[in-house]
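Engineer: Okay, here's the structure, questions in a sec.
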Amino acid sequence: MKRMVFALGCTAVLLLNPSSVRLQQPSSAQKPIDHGGKIETKYDGFNFETVMRLRKMKVNCDGFKDKFKDACVSIEVIMHLPGQQLNYVKTVTLQVVFDNKDWVHFHGPDQRELVVVTDTETMKLGRMSPVSTNTPGSWDTKVEVLEIKLPYKTFKKIAHAQHAEMQVGRSAVELRFKNLLALKDLDNRVLTTENNAQVK
């Protein structure tokens with residue numbers, strides 16, 4: 001009889017306290033960050049690297065501070081991680097995309113210097129290079145893509161800034177809050193000790 005009472009008592013405790021048998025979610029599981037950007041991770045077997053990419057994301061469509069109206073600027077960021085791992089970033093490619101409904105103001109070689117201003121620092125990052133988006137034999141006058149390779153340390157400064165503004169030649173634009181959120185989200189997917197500490 002005592003054994004039956006003991007068994008019934010244990011059953012009642014479990015029924016009244018379901019959390020005691022519920023599997024706990026890993027502490028690192030978090031809701032996706034709502035920044036509107038699309039981030040993907042793929043292994044590139046041809047170049048023997050893992051690629052983490054923030055797909056083309058609009059920054060501003062109100063023209064630039066150099067008075068070119070009806071223009072949009074977007075960014076795309078590609079992280080290059082050697083081999084099949086997510087712990088070490090070799091370089092980061094930053095692309096700045098200029099779109100215009102009619103024609104785009106192309107930046108000449110002397111107008112491609114990239115400067116980024118964050119909360120407390122002005123970073124002169126060097127000359128950007130044009131990227132061809134055309135099919136052979138065609139010429140697109142509505143889109144210009146410029147890119148530059150950055151050290152990972154420099155990218156982290158931009159991604160974790162409270163405020164950031166980019167200038168290419170005379171074209172200057174301020175990154176929106178959601179742009180910075182997307183950059184930070186991209187960086188937080190790298191499994192460094194520092195990023196793991198921020199997640200906890």
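Chain identifiers are assigned as A, B, and so on, following the order in which chains appear in the structure tokens; residues are numbered from 1 within each chain, and ligands are numbered from 1 in order of appearance.
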Need to verify the contact set: Phe106 (chain A), 9 Å, only C-alpha atoms, exclusion of same-chain residues closer than 4 positions in sequence. Can you return it as a PyMOL selection string?

Structural biologist: chain A and resi 98+111+141+143-144

Engineer: Which parts of region 62-101 of chain A does DSSP call strand (DSSP E or B) when run on the backbone here, written out as number ranges by chain?

Structural biologist: A: 71-82, 91-100

Engineer: Suppose we keep C-alpha atoms; can you now write the selection as a PDB file, in the first residue's frame?

Structural biologist:
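Below you can see part-v8.pdb, which holds the result:
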```
ATOM      1  CA  ALA A  71      19.638  57.401 -57.256  1.00  0.00           C
ATOM      2  CA  CYS A  72      19.731  54.384 -54.969  1.00  0.00           C
ATOM      3  CA  VAL A  73      22.717  53.014 -53.113  1.00  0.00           C
ATOM      4  CA  SER A  74      22.910  49.460 -51.770  1.00  0.00           C
ATOM      5  CA  ILE A  75      25.557  47.361 -50.084  1.00  0.00           C
ATOM      6  CA  GLU A  76      26.526  43.712 -50.350  1.00  0.00           C
ATOM      7  CA  VAL A  77      29.033  42.087 -47.999  1.00  0.00           C
ATOM      8  CA  ILE A  78      30.897  38.807 -48.505  1.00  0.00           C
ATOM      9  CA  MET A  79      32.996  37.166 -45.771  1.00  0.00           C
ATOM     10  CA  HIS A  80      35.688  34.721 -46.900  1.00  0.00           C
ATOM     11  CA  LEU A  81      36.499  31.937 -44.416  1.00  0.00           C
ATOM     12  CA  PRO A  82      39.202  29.466 -45.538  1.00  0.00           C
ATOM     13  CA  THR A  91      38.987  38.918 -45.700  1.00  0.00           C
ATOM     14  CA  VAL A  92      35.703  40.748 -46.211  1.00  0.00           C
ATOM     15  CA  THR A  93      34.536  42.067 -49.592  1.00  0.00           C
ATOM     16  CA  LEU A  94      32.348  45.170 -49.465  1.00  0.00           C
ATOM     17  CA  GLN A  95      30.378  46.078 -52.592  1.00  0.00           C
ATOM     18  CA  VAL A  96      28.630  49.418 -53.023  1.00  0.00           C
ATOM     19  CA  VAL A  97      25.953  49.417 -55.731  1.00  0.00           C
ATOM     20  CA  PHE A  98      24.745  52.636 -57.373  1.00  0.00           C
ATOM     21  CA  ASP A  99      21.418  52.433 -59.268  1.00  0.00           C
ATOM     22  CA  ASN A 100      19.592  55.124 -61.227  1.00  0.00           C
TER      23      ASN A 100
END
```

Engineer: Taking only C-alpha atoms into account, produce a table as a tab-separated table in which each residue of region 81-158 of chain A with an atom at most 9 Å from an atom of region 163-171 of chain A appears once, together with its shortest atom pair and the distance in Å to one decimal, ordered by chain and rising number.

Structural biologist:
```
residue	atom	partner	partner_atom	distance
A:Val96	CA	A:Val168	CA	8.9
A:His107	CA	A:Gly169	CA	7.2
A:Gly108	CA	A:Gly169	CA	8.7
A:Asp110	CA	A:Gly169	CA	7.5
A:Gln111	CA	A:Gly169	CA	4.0
A:Arg112	CA	A:Gly169	CA	5.2
A:Glu113	CA	A:Val168	CA	5.5
A:Leu114	CA	A:Val168	CA	4.7
A:Val115	CA	A:Gln167	CA	5.2
A:Val116	CA	A:Met166	CA	4.5
A:Val117	CA	A:Glu165	CA	5.2
A:Thr118	CA	A:Ala164	CA	4.4
A:Asp119	CA	A:His163	CA	5.5
A:Arg127	CA	A:Val168	CA	8.8
A:Met128	CA	A:Val168	CA	8.3
A:Ile158	CA	A:Ala164	CA	6.7
```

Engineer: Can I get the selection written as a PDB file, in the first residue's frame, with N, CA and C atoms?

Structural biologist:
```
ATOM      1  N   VAL A  96      29.571  48.301 -53.058  1.00  0.00           N
ATOM      2  CA  VAL A  96      28.630  49.418 -53.023  1.00  0.00           C
ATOM      3  C   VAL A  96      28.010  49.512 -54.410  1.00  0.00           C
ATOM      4  N   HIS A 107      31.752  56.673 -61.291  1.00  0.00           N
ATOM      5  CA  HIS A 107      32.878  57.244 -60.552  1.00  0.00           C
ATOM      6  C   HIS A 107      34.171  56.952 -61.303  1.00  0.00           C
ATOM      7  N   GLY A 108      34.853  58.005 -61.695  1.00  0.00           N
ATOM      8  CA  GLY A 108      36.135  57.847 -62.374  1.00  0.00           C
ATOM      9  C   GLY A 108      37.182  57.313 -61.411  1.00  0.00           C
ATOM     10  N   ASP A 110      39.710  58.559 -60.106  1.00  0.00           N
ATOM     11  CA  ASP A 110      40.081  59.487 -59.027  1.00  0.00           C
ATOM     12  C   ASP A 110      38.915  59.759 -58.082  1.00  0.00           C
ATOM     13  N   GLN A 111      37.751  59.127 -58.317  1.00  0.00           N
ATOM     14  CA  GLN A 111      36.572  59.339 -57.469  1.00  0.00           C
ATOM     15  C   GLN A 111      36.110  58.041 -56.801  1.00  0.00           C
ATOM     16  N   ARG A 112      37.033  57.106 -56.591  1.00  0.00           N
ATOM     17  CA  ARG A 112      36.656  55.802 -56.039  1.00  0.00           C
ATOM     18  C   ARG A 112      37.241  55.545 -54.654  1.00  0.00           C
ATOM     19  N   GLU A 113      37.805  56.562 -54.037  1.00  0.00           N
ATOM     20  CA  GLU A 113      38.357  56.381 -52.687  1.00  0.00           C
ATOM     21  C   GLU A 113      37.211  56.208 -51.684  1.00  0.00           C
ATOM     22  N   LEU A 114      37.295  55.165 -50.881  1.00  0.00           N
ATOM     23  CA  LEU A 114      36.261  54.891 -49.885  1.00  0.00           C
ATOM     24  C   LEU A 114      36.695  55.384 -48.513  1.00  0.00           C
ATOM     25  N   VAL A 115      35.828  56.187 -47.913  1.00  0.00           N
ATOM     26  CA  VAL A 115      36.042  56.669 -46.542  1.00  0.00           C
ATOM     27  C   VAL A 115      34.813  56.288 -45.731  1.00  0.00           C
ATOM     28  N   VAL A 116      35.029  55.701 -44.565  1.00  0.00           N
ATOM     29  CA  VAL A 116      33.923  55.352 -43.671  1.00  0.00           C
ATOM     30  C   VAL A 116      34.132  56.079 -42.350  1.00  0.00           C
ATOM     31  N   VAL A 117      33.088  56.764 -41.911  1.00  0.00           N
ATOM     32  CA  VAL A 117      33.120  57.473 -40.630  1.00  0.00           C
ATOM     33  C   VAL A 117      32.193  56.744 -39.670  1.00  0.00           C
ATOM     34  N   THR A 118      32.760  56.272 -38.548  1.00  0.00           N
ATOM     35  CA  THR A 118      31.949  55.626 -37.518  1.00  0.00           C
ATOM     36  C   THR A 118      31.848  56.560 -36.324  1.00  0.00           C
ATOM     37  N   ASP A 119      31.411  56.048 -35.198  1.00  0.00           N
ATOM     38  CA  ASP A 119      31.177  56.869 -33.997  1.00  0.00           C
ATOM     39  C   ASP A 119      32.370  57.751 -33.644  1.00  0.00           C
ATOM     40  N   ARG A 127      41.150  52.652 -52.517  1.00  0.00           N
ATOM     41  CA  ARG A 127      40.415  52.818 -53.776  1.00  0.00           C
ATOM     42  C   ARG A 127      39.602  51.583 -54.115  1.00  0.00           C
ATOM     43  N   MET A 128      38.322  51.799 -54.427  1.00  0.00           N
ATOM     44  CA  MET A 128      37.435  50.711 -54.816  1.00  0.00           C
ATOM     45  C   MET A 128      37.654  50.376 -56.299  1.00  0.00           C
ATOM     46  N   ILE A 158      32.983  48.659 -38.269  1.00  0.00           N
ATOM     47  CA  ILE A 158      31.809  49.217 -38.950  1.00  0.00           C
ATOM     48  C   ILE A 158      30.543  48.518 -38.458  1.00  0.00           C
TER      49      ILE A 158
END
```

Engineer: Could you name the residues that touch Leu181 (chain A) at 12 Å or less, counting only C-alpha atoms, but leaving out those on the same chain fewer than 6 positions away, as a PyMOL selection string?

Structural biologist: chain A and resi 32-39+54+57+158-164+175+187-188

Engineer: Could those selected residues go to a file with N, CA, C and O atoms, as a short mmCIF file (atom, residue, chain, number, x, y, z; two decimals), in the first residue's frame?

Structural biologist:
```cif
data_model
loop_
_atom_site.label_atom_id
_atom_site.label_comp_id
_atom_site.auth_asym_id
_atom_site.auth_seq_id
_atom_site.Cartn_x
_atom_site.Cartn_y
_atom_site.Cartn_z
N PRO A 32 15.31 35.08 -34.92
CA PRO A 32 16.03 35.79 -35.99
C PRO A 32 15.86 37.30 -35.83
O PRO A 32 14.81 37.78 -35.43
N ILE A 33 16.91 38.03 -36.16
CA ILE A 33 16.87 39.49 -36.05
C ILE A 33 16.15 40.06 -37.26
O ILE A 33 16.44 39.70 -38.40
N ASP A 34 15.18 40.93 -37.02
CA ASP A 34 14.37 41.49 -38.11
C ASP A 34 15.04 42.75 -38.65
O ASP A 34 14.76 43.86 -38.20
N HIS A 35 15.93 42.58 -39.62
CA HIS A 35 16.58 43.74 -40.24
C HIS A 35 16.26 43.84 -41.74
O HIS A 35 16.63 44.82 -42.38
N GLY A 36 15.58 42.84 -42.27
CA GLY A 36 15.18 42.90 -43.68
C GLY A 36 16.24 42.41 -44.66
O GLY A 36 15.96 42.29 -45.85
N GLY A 37 17.45 42.14 -44.17
CA GLY A 37 18.51 41.65 -45.05
C GLY A 37 18.47 40.14 -45.18
O GLY A 37 17.88 39.44 -44.35
N LYS A 38 19.09 39.62 -46.23
CA LYS A 38 19.14 38.18 -46.45
C LYS A 38 20.59 37.71 -46.30
O LYS A 38 21.46 38.15 -47.05
N ILE A 39 20.83 36.84 -45.33
CA ILE A 39 22.18 36.33 -45.07
C ILE A 39 22.21 34.84 -45.40
O ILE A 39 21.30 34.10 -45.01
N LEU A 54 25.90 38.79 -46.98
CA LEU A 54 24.71 39.63 -46.84
C LEU A 54 24.35 40.07 -48.24
O LEU A 54 25.11 40.82 -48.88
N MET A 57 21.48 44.91 -50.18
CA MET A 57 20.53 45.53 -49.26
C MET A 57 20.53 47.03 -49.47
O MET A 57 21.58 47.68 -49.44
N ILE A 158 32.98 48.66 -38.27
CA ILE A 158 31.81 49.22 -38.95
C ILE A 158 30.54 48.52 -38.46
O ILE A 158 29.54 49.16 -38.14
N ALA A 159 30.58 47.19 -38.40
CA ALA A 159 29.40 46.40 -38.04
C ALA A 159 28.89 46.69 -36.64
O ALA A 159 27.69 46.63 -36.38
N HIS A 160 29.79 47.03 -35.72
CA HIS A 160 29.38 47.24 -34.33
C HIS A 160 29.31 48.72 -33.95
O HIS A 160 29.19 49.05 -32.77
N ALA A 161 29.33 49.59 -34.96
CA ALA A 161 29.21 51.03 -34.69
C ALA A 161 27.74 51.40 -34.45
O ALA A 161 26.83 50.72 -34.93
N GLN A 162 27.52 52.45 -33.71
CA GLN A 162 26.18 52.99 -33.51
C GLN A 162 25.76 53.86 -34.70
O GLN A 162 24.58 54.03 -34.98
N HIS A 163 26.75 54.40 -35.39
CA HIS A 163 26.52 55.29 -36.53
C HIS A 163 27.64 55.07 -37.53
O HIS A 163 28.80 54.93 -37.15
N ALA A 164 27.28 55.02 -38.82
CA ALA A 164 28.31 54.87 -39.85
C ALA A 164 27.87 55.57 -41.13
O ALA A 164 26.70 55.49 -41.52
N LEU A 175 24.49 54.89 -43.36
CA LEU A 175 23.88 53.57 -43.21
C LEU A 175 22.69 53.68 -42.25
O LEU A 175 22.77 54.35 -41.23
N ASP A 187 28.22 39.47 -38.71
CA ASP A 187 29.44 39.26 -37.94
C ASP A 187 29.22 38.29 -36.78
O ASP A 187 30.09 37.48 -36.48
N ASN A 188 28.06 38.35 -36.15
CA ASN A 188 27.79 37.47 -35.01
C ASN A 188 27.68 36.00 -35.39
O ASN A 188 27.68 35.13 -34.52
#
```

Engineer: My list of candidates is A:Phe177, A:Tyr43, A:Tyr152, A:Trp103. Which is closest to Tyr88 (chain A) when distances are computed with only C-alpha atoms?

Structural biologist: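 Smallest distance to Tyr88 (chain A) is found for A:Tyr152.
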
Engineer: So, with only C-alpha atoms as the atoms that count, which of A:Met52, A:Cys61, A:Val131, A:Leu125 lies closest to Gln85 (chain A)?

Structural biologist: A:Met52

Engineer: Nearest residue to Phe48 (chain A) out of A:Asn60, A:Lys156, A:Gln84, A:Met123, using only C-alpha atoms?

Structural biologist: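 Nearest candidate to Phe48 (chain A) out of A:Asn60, A:Lys156, A:Gln84, A:Met123: A:Gln84.
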
Engineer: Taking the DSSP assignment computed from this structure's backbone, write out as a PDB file with N, CA, C and O atoms, in the first residue's frame all residues of region 62-189 of chain A that belong to helix (DSSP H, G or I).

Structural biologist:
```
ATOM      1  N   PRO A 109      38.350  56.902 -61.934  1.00  0.00           N
ATOM      2  CA  PRO A 109      39.401  56.338 -61.076  1.00  0.00           C
ATOM      3  C   PRO A 109      39.794  57.239 -59.906  1.00  0.00           C
ATOM      4  O   PRO A 109      40.157  56.755 -58.833  1.00  0.00           O
ATOM      5  N   ASP A 110      39.710  58.559 -60.106  1.00  0.00           N
ATOM      6  CA  ASP A 110      40.081  59.487 -59.027  1.00  0.00           C
ATOM      7  C   ASP A 110      38.915  59.759 -58.082  1.00  0.00           C
ATOM      8  O   ASP A 110      39.057  60.546 -57.139  1.00  0.00           O
ATOM      9  N   GLN A 111      37.751  59.127 -58.317  1.00  0.00           N
ATOM     10  CA  GLN A 111      36.572  59.339 -57.469  1.00  0.00           C
ATOM     11  C   GLN A 111      36.110  58.041 -56.801  1.00  0.00           C
ATOM     12  O   GLN A 111      34.936  57.875 -56.505  1.00  0.00           O
ATOM     13  N   TYR A 152      39.190  41.883 -41.670  1.00  0.00           N
ATOM     14  CA  TYR A 152      38.047  41.549 -40.815  1.00  0.00           C
ATOM     15  C   TYR A 152      37.928  42.518 -39.642  1.00  0.00           C
ATOM     16  O   TYR A 152      36.828  42.920 -39.247  1.00  0.00           O
ATOM     17  N   LYS A 153      39.055  42.929 -39.097  1.00  0.00           N
ATOM     18  CA  LYS A 153      39.056  43.852 -37.954  1.00  0.00           C
ATOM     19  C   LYS A 153      38.374  45.173 -38.307  1.00  0.00           C
ATOM     20  O   LYS A 153      37.639  45.745 -37.500  1.00  0.00           O
ATOM     21  N   THR A 154      38.604  45.647 -39.531  1.00  0.00           N
ATOM     22  CA  THR A 154      37.978  46.895 -39.986  1.00  0.00           C
ATOM     23  C   THR A 154      36.479  46.710 -40.141  1.00  0.00           C
ATOM     24  O   THR A 154      35.678  47.566 -39.746  1.00  0.00           O
ATOM     25  N   PHE A 155      36.076  45.569 -40.724  1.00  0.00           N
ATOM     26  CA  PHE A 155      34.648  45.296 -40.890  1.00  0.00           C
ATOM     27  C   PHE A 155      33.944  45.273 -39.540  1.00  0.00           C
ATOM     28  O   PHE A 155      32.839  45.800 -39.388  1.00  0.00           O
ATOM     29  N   LYS A 156      34.576  44.662 -38.532  1.00  0.00           N
ATOM     30  CA  LYS A 156      33.966  44.592 -37.202  1.00  0.00           C
ATOM     31  C   LYS A 156      33.708  45.981 -36.625  1.00  0.00           C
ATOM     32  O   LYS A 156      32.693  46.214 -35.980  1.00  0.00           O
ATOM     33  N   LYS A 157      34.626  46.908 -36.865  1.00  0.00           N
ATOM     34  CA  LYS A 157      34.436  48.280 -36.371  1.00  0.00           C
ATOM     35  C   LYS A 157      33.188  48.903 -36.971  1.00  0.00           C
ATOM     36  O   LYS A 157      32.429  49.598 -36.290  1.00  0.00           O
ATOM     37  N   ILE A 158      32.983  48.659 -38.269  1.00  0.00           N
ATOM     38  CA  ILE A 158      31.809  49.217 -38.950  1.00  0.00           C
ATOM     39  C   ILE A 158      30.543  48.518 -38.458  1.00  0.00           C
ATOM     40  O   ILE A 158      29.538  49.165 -38.141  1.00  0.00           O
ATOM     41  N   ALA A 159      30.584  47.186 -38.395  1.00  0.00           N
ATOM     42  CA  ALA A 159      29.401  46.399 -38.038  1.00  0.00           C
ATOM     43  C   ALA A 159      28.894  46.694 -36.635  1.00  0.00           C
ATOM     44  O   ALA A 159      27.690  46.634 -36.383  1.00  0.00           O
ATOM     45  N   PHE A 177      19.757  52.209 -39.587  1.00  0.00           N
ATOM     46  CA  PHE A 177      19.822  51.346 -38.399  1.00  0.00           C
ATOM     47  C   PHE A 177      19.732  49.876 -38.800  1.00  0.00           C
ATOM     48  O   PHE A 177      20.464  49.025 -38.290  1.00  0.00           O
ATOM     49  N   LYS A 178      18.834  49.554 -39.756  1.00  0.00           N
ATOM     50  CA  LYS A 178      18.666  48.161 -40.177  1.00  0.00           C
ATOM     51  C   LYS A 178      19.890  47.659 -40.938  1.00  0.00           C
ATOM     52  O   LYS A 178      20.204  46.463 -40.881  1.00  0.00           O
ATOM     53  N   ASN A 179      20.586  48.532 -41.659  1.00  0.00           N
ATOM     54  CA  ASN A 179      21.826  48.123 -42.322  1.00  0.00           C
ATOM     55  C   ASN A 179      22.863  47.705 -41.283  1.00  0.00           C
ATOM     56  O   ASN A 179      23.508  46.656 -41.416  1.00  0.00           O
ATOM     57  N   LEU A 180      23.022  48.532 -40.255  1.00  0.00           N
ATOM     58  CA  LEU A 180      23.991  48.227 -39.199  1.00  0.00           C
ATOM     59  C   LEU A 180      23.589  46.960 -38.440  1.00  0.00           C
ATOM     60  O   LEU A 180      24.444  46.154 -38.064  1.00  0.00           O
ATOM     61  N   LEU A 181      22.291  46.760 -38.261  1.00  0.00           N
ATOM     62  CA  LEU A 181      21.794  45.561 -37.588  1.00  0.00           C
ATOM     63  C   LEU A 181      22.134  44.316 -38.415  1.00  0.00           C
ATOM     64  O   LEU A 181      22.537  43.285 -37.866  1.00  0.00           O
ATOM     65  N   ALA A 182      21.990  44.426 -39.740  1.00  0.00           N
ATOM     66  CA  ALA A 182      22.300  43.300 -40.627  1.00  0.00           C
ATOM     67  C   ALA A 182      23.800  42.991 -40.618  1.00  0.00           C
ATOM     68  O   ALA A 182      24.208  41.826 -40.606  1.00  0.00           O
ATOM     69  N   LEU A 183      24.630  44.036 -40.622  1.00  0.00           N
ATOM     70  CA  LEU A 183      26.079  43.832 -40.576  1.00  0.00           C
ATOM     71  C   LEU A 183      26.487  43.160 -39.264  1.00  0.00           C
ATOM     72  O   LEU A 183      27.333  42.261 -39.236  1.00  0.00           O
ATOM     73  N   LYS A 184      25.874  43.604 -38.189  1.00  0.00           N
ATOM     74  CA  LYS A 184      26.178  43.015 -36.880  1.00  0.00           C
ATOM     75  C   LYS A 184      25.727  41.555 -36.826  1.00  0.00           C
ATOM     76  O   LYS A 184      26.432  40.684 -36.299  1.00  0.00           O
ATOM     77  N   ASP A 185      24.559  41.275 -37.395  1.00  0.00           N
ATOM     78  CA  ASP A 185      24.041  39.909 -37.448  1.00  0.00           C
ATOM     79  C   ASP A 185      24.990  39.012 -38.251  1.00  0.00           C
ATOM     80  O   ASP A 185      25.303  37.884 -37.847  1.00  0.00           O
ATOM     81  N   LEU A 186      25.470  39.529 -39.384  1.00  0.00           N
ATOM     82  CA  LEU A 186      26.423  38.781 -40.203  1.00  0.00           C
ATOM     83  C   LEU A 186      27.683  38.465 -39.397  1.00  0.00           C
ATOM     84  O   LEU A 186      28.166  37.326 -39.387  1.00  0.00           O
ATOM     85  N   ASP A 187      28.219  39.468 -38.709  1.00  0.00           N
ATOM     86  CA  ASP A 187      29.438  39.263 -37.936  1.00  0.00           C
ATOM     87  C   ASP A 187      29.222  38.288 -36.784  1.00  0.00           C
ATOM     88  O   ASP A 187      30.091  37.475 -36.479  1.00  0.00           O
ATOM     89  N   ASN A 188      28.061  38.345 -36.149  1.00  0.00           N
ATOM     90  CA  ASN A 188      27.792  37.473 -35.009  1.00  0.00           C
ATOM     91  C   ASN A 188      27.677  35.999 -35.390  1.00  0.00           C
ATOM     92  O   ASN A 188      27.680  35.128 -34.521  1.00  0.00           O
TER      93      ASN A 188
END
```

Engineer: Calculate how many Å separate CA of Thr50 (chain A) from CA of Ile148 (chain A), rounding to one decimal.

Structural biologist: 18.7 Å
